[in-house]
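Student: After the structure tokens below, expect a handful of questions from me.
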Amino acid sequence: MSDSQPARLTTRRIRIRRIRVAGLLVVTAAIAAALGYQLPASSSPTATAPIDVPRSAQRGALGEADGAVPARTTVFDDDIPGVANLDSDLLGALRQAATDAADDGVELYVDSGWRSPQYQQQLLREAVSNYGSKAEAARWVATPNTSAHVSGAAVDIGPSNAAAWLSEHGADYGLCQIYSNEPWHHELRPQAIDHGCPPEYPDPTHDPRTQQ
């Protein structure tokens with residue numbers, strides 16, 4: 001190897017390093033420019049990605065005016081249509097029960113109450129999709145023209161300890177669990193105060209009212 005070869009190799013390595021450094025600087029500048037553009041946009045409300053939009057807004061779901069109930073809604077929340085539009089006698093019985101349940105350390109929350117026909121139909125469509133057939137969906141969701149929720153005659157109570165409390169003590173207020181598969185679903189049966197609640201249907205498909 002001649003004396004000039006090490007010099008040429010050294011020069012070549014320097015050039016390669018310079019090219020690598022220059023390339024790295026270009027990439028870094030590009031990343032910085034991209035981040036500098038994106039950060040202000042991400043802090044702007046108008047830059048919200050579609051995935052961040054609530055599912056209800058994406059699918060045009062019906063809201064509180066049609067019976068959707070916010071979390072931790074009580075039977076005393078008259079400003080919520082799902083509560084305010086319940087049958088007045090049912091609501092009165094629920095409020096008496098809720099007052100006594102509170103003495104036992106149990107909070108009664110309304111998971112669902114009155115519903116508009118449109119909201120009931122939406123729930124039915126979702127049930128068919130979830131359960132795979134109209135027949136199976138019917139065990140859980142009635143049609144708009146047969147649902148006791150649409151008429152304001154039914155309420156779903158939660159959480160589970162509240163539903164259990166009402167299933168045990170509800171007859172004292174005329175409040176009865178109607179379906180064995182829905183321990184949260186209660187309706188007013190005034191005769192239950194003296195005679196106890198009537199036998200439960202296995203599910204809504206056994207209820208003569210849903211056969212109309």
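Chain labels run A, B, ... following the order of the structure tokens; each chain numbers its residues from 1, and ligands are numbered from 1 in the order shown.
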Counting only C-alpha atoms, what are the residues of region 60-145 of chain A within 9 Å of region 158-169 of chain A, and for each of them which pair of atoms is the nearest and at what distance in Å, to one decimal? Sort the table by chain and rising number, as JSON lines.

Tutor:
```
{"residue": "A:Ala97", "atom": "CA", "partner": "A:Leu166", "partner_atom": "CA", "distance": 7.7}
{"residue": "A:Ala98", "atom": "CA", "partner": "A:Leu166", "partner_atom": "CA", "distance": 8.9}
{"residue": "A:Ala101", "atom": "CA", "partner": "A:Trp165", "partner_atom": "CA", "distance": 7.4}
{"residue": "A:Val106", "atom": "CA", "partner": "A:Ala162", "partner_atom": "CA", "distance": 6.1}
{"residue": "A:Glu107", "atom": "CA", "partner": "A:Ala162", "partner_atom": "CA", "distance": 6.2}
{"residue": "A:Leu108", "atom": "CA", "partner": "A:Ala162", "partner_atom": "CA", "distance": 5.3}
{"residue": "A:Tyr109", "atom": "CA", "partner": "A:Gly158", "partner_atom": "CA", "distance": 5.2}
{"residue": "A:Val110", "atom": "CA", "partner": "A:Gly158", "partner_atom": "CA", "distance": 6.3}
{"residue": "A:Asp111", "atom": "CA", "partner": "A:Gly158", "partner_atom": "CA", "distance": 6.0}
```

Student: Please identify which residues in region 47-201 of chain A DSSP calls helix (DSSP H, G or I) from the backbone, and express them as a PyMOL selection string.

Tutor: chain A and resi 47+50-52+55-58+64-66+81-84+88-103+117-131+134-137+160-173+192-195

Student: Check which residues of region 146-184 of chain A sit at most 12 Å from region 85-90 of chain A using only C-alpha atoms, and return one row each with the closest pair of atoms and their distance in Å to one decimal, ordered by chain and rising number, as a tab-separated table.

Tutor:
```
residue	atom	partner	partner_atom	distance
A:Ala148	CA	A:Leu86	CA	10.1
A:His149	CA	A:Leu86	CA	8.3
A:Val150	CA	A:Leu86	CA	9.1
A:Ser151	CA	A:Leu86	CA	7.8
A:Gly152	CA	A:Leu86	CA	4.2
A:Ala153	CA	A:Asp87	CA	5.7
A:Ala154	CA	A:Leu86	CA	7.6
A:Val155	CA	A:Leu86	CA	8.1
A:Asp156	CA	A:Leu86	CA	11.6
A:Gly170	CA	A:Leu90	CA	11.6
A:Tyr173	CA	A:Leu90	CA	9.4
A:Gly174	CA	A:Leu90	CA	8.6
A:Leu175	CA	A:Leu90	CA	7.9
A:Cys176	CA	A:Leu90	CA	10.7
```

Student: Take the residues from that selection and put them in a file with C-alpha atoms, as a CSV table (one decimal), in the first residue's frame.

Tutor:
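What landed in again_33.csv:
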```csv
chain,number,residue,atom,x,y,z
A,148,ALA,CA,-93.7,0.5,28.9
A,149,HIS,CA,-90.8,2.9,28.7
A,150,VAL,CA,-92.4,4.8,25.9
A,151,SER,CA,-95.6,5.2,27.8
A,152,GLY,CA,-93.7,6.4,30.9
A,153,ALA,CA,-94.8,3.3,32.9
A,154,ALA,CA,-91.4,1.7,33.4
A,155,VAL,CA,-88.0,2.6,34.9
A,156,ASP,CA,-84.6,0.8,35.0
A,170,GLY,CA,-90.5,-2.6,46.1
A,173,TYR,CA,-94.5,0.9,47.4
A,174,GLY,CA,-96.3,-0.9,44.6
A,175,LEU,CA,-93.1,-1.2,42.6
A,176,CYS,CA,-92.5,-4.6,41.0
```

Student: At a cut-off of 10 Å, using only C-alpha atoms, what residues contact Pro199 (chain A)? Leave out same-chain residues fewer than 2 positions from it and give the result as a count of residues only.

Tutor: 9
